[in-house]
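Report on one structure; see the data block that follows.
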Amino acid sequence: MFFQLKKNVSDANKLLETNQLVTLTWGNVSEIDKDLNVIGIKPSGIPYSQLKPEHIVIVNLDGQIIDGDLNPSSDLETHLYLYNKFPTIKGITHTHSSYATSFAQSGISIPPLGTTHADHFYGSIPITRKLSDNEILYNYERNTGRVIYEIFSDLNIMPQDIPGVLVNQHGPFTWGKSALDSLENAIALEEVAKMTFNAKLLSNNFEAINQTLLDKHFLRKNGARATY
Ligand SMILES: [Zn+2]
């Protein structure tokens with residue numbers, strides 16, 4: 001059962017490694033099936049190279065295992081929280097990719113400096129606040145989802161406009177229309193973080209791109225009248 005969902009999630013998780021977004025097992029991808037109200041997520045501890053569709057853990061929206069012999073990723077509660085709060089998203093990717101995590105660990109958001117950024121993200125990629133001691137000690141993974149939702153609410157950002165975030169002192173989460181789409185946004189986020197890092201090395205004097213160029217690139221790809 002759930003074969004297509006398991007295959008989508010397995011394929012996307014394997015792409016984490018082939019796209020060099022993960023070291024060891026520091027990353028996970030999930031996808032939600034809105035008809036069946038279930039989520040497929042990577043099991044914890046299985047190397048990406050050995051991952052098969054039958055390893056994928058199927059849980060209901062409360063996180064109870066419906067199908068699978070292995071334990072789900074320890075980040076499951078963060079995924080569940082985000083699916084609940086962002087009902088338009090259908091896939092989530094979490095990594096500790098180097099450049100995006102460098103920004104997360106520095107507590108710095110990623111401004112839109114060029115059209116590569118604007119093709120995927122309609123503005124700065126936000127950084128969450130740090131978690132409090134209590135938030136770390138109790139329901140840590142759920143509270144990680146909570147600070148993500150909080151920053152999107154505070155800044156009035158729609159999750160489909162900026163499909164990614166930096167969790168302070170942790171790393172990036174991205175999302176999308178499917179597991180694969182969230183994975184592609186994780187690739188884009190890492191590349192944009194790398195370019196911004198390099199721009200900061202080359203100059204102290206750069207500016208974010210103007211709204212016209214940001215609109216042009218994001219809306220032609222993602223707007224209601226997207227041209228490709
Ligand atoms: Zn993590």
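So you can find residues: chains in the structure tokens are A, B, ... in the order shown, residues in each start at 1, and ligands are numbered from 1 in order.
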Protein and nucleic residues near ligand 1, 7 Å, only C-alpha atoms and all ligand atoms, as a PyMOL selection string:
chain A and resi 26-27+94-96+170-171
Skipping near chain neighbours, those fewer than 3 positions away, what residues fall within 12 Å of Asp33 in chain A using only C-alpha atoms, listed as a count of residues only?
27
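Proximity ranking of A:Asn168, A:Asn28, A:Ser73, A:Thr128 relative to Ser106 in chain A places A:Asn168 first, based on only C-alpha atoms.
Compared by their closest atoms to Met158 in chain A, and using only C-alpha atoms, the residues A:Ile92, A:Phe86, A:Pro112, A:Phe206 rank with A:Phe86 nearest.
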Excluding Asn205 in chain A and its own-chain neighbours fewer than 5 positions away, which residues fall within 12 Å of it when counting only C-alpha atoms? Please give them as an mmCIF file with C-alpha atoms, in the first residue's frame.
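What landed in result.cif:
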```cif
data_model
loop_
_atom_site.group_PDB
_atom_site.id
_atom_site.type_symbol
_atom_site.label_atom_id
_atom_site.label_comp_id
_atom_site.auth_asym_id
_atom_site.auth_seq_id
_atom_site.Cartn_x
_atom_site.Cartn_y
_atom_site.Cartn_z
ATOM 1 C CA LEU A 113 20.758 39.767 -4.548
ATOM 2 C CA ALA A 199 28.974 38.278 -2.815
ATOM 3 C CA LYS A 200 29.584 39.241 0.815
#
```
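Straight-line separation from CA of Tyr138 in chain A to CA of Ile162 in chain A: 28.5 Å.
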So which residues touch Ser74 in chain A within 9 Å, counting only C-alpha atoms, skipping near sequence neighbours fewer than 6 positions away, as a ChimeraX atom specification?
/A:43-44,141
Next, dump the selected residues to file, keeping only N, CA and C atoms, as a CSV table (one decimal), in the first residue's frame.
```csv
chain,number,residue,atom,x,y,z
A,43,PRO,N,12.8,7.0,7.3
A,43,PRO,CA,13.1,6.5,8.6
A,43,PRO,C,14.4,7.0,9.1
A,44,SER,N,14.6,7.0,10.4
A,44,SER,CA,15.8,7.5,11.0
A,44,SER,C,16.9,6.4,10.8
A,141,GLU,N,11.0,19.4,18.6
A,141,GLU,CA,10.7,19.4,17.2
A,141,GLU,C,9.5,20.1,16.8
```
Sel. of helix (DSSP H, G or I) residues, range 27-203 of chain A, as JSON, numbers by chain:
{"A": [48, 49, 50, 53, 54, 55, 76, 77, 78, 79, 80, 81, 82, 83, 84, 85, 98, 99, 100, 101, 102, 103, 104, 105, 106, 115, 116, 117, 118, 119, 120, 133, 134, 135, 136, 137, 140, 141, 142, 143, 144, 145, 146, 147, 148, 149, 150, 151, 152, 153, 154, 179, 180, 181, 182, 183, 184, 185, 186, 187, 188, 189, 190, 191, 192, 193, 194, 195, 196, 197, 198, 199, 200, 201, 202]}
Mind dumping a table of every range 171-225 of chain A residue within 12 Å of range 146-155 of chain A, with the nearest atom pair and its distance in Å to one decimal, using only C-alpha atoms, sorted by chain and rising number, as a Markdown table?
```
| residue | atom | partner | partner_atom | distance |
| --- | --- | --- | --- | --- |
| A:Gly171 | CA | A:Ile148 | CA | 11.5 |
| A:Pro172 | CA | A:Ile148 | CA | 10.3 |
| A:Phe173 | CA | A:Ile148 | CA | 8.9 |
| A:Thr174 | CA | A:Ile148 | CA | 10.7 |
| A:Trp175 | CA | A:Ile148 | CA | 11.9 |
```
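Take CA of Asp181 in chain A and CA of Leu131 in chain A: the distance between them is 28.0 Å.
CA of Glu207 in chain A is found 19.8 Å from CA of Tyr99 in chain A.
Minimum distance to Gln160 in chain A across A:Pro72, A:Pro47, A:Gly123, A:Pro111 (counting only C-alpha atoms) occurs at A:Gly123.
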Measuring atom to atom with only C-alpha atoms, identify which of A:Leu219, A:Ile46, A:Ala100, A:Ile56 is nearest to Ile187 in chain A.
A:Ala100
For Pro53 in chain A, which of A:His79, A:Arg142, A:Lys14, A:Lys34 is the closest residue, counting only C-alpha atoms?
A:Lys14
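For Ala193 in chain A, the list of residues within 7 Å, based on only C-alpha atoms and with local chain neighbours fewer than 3 positions off taken out, reads Tyr99, Ala100, Ile110, Leu189, Glu190, Thr196 and Phe197 of chain A.
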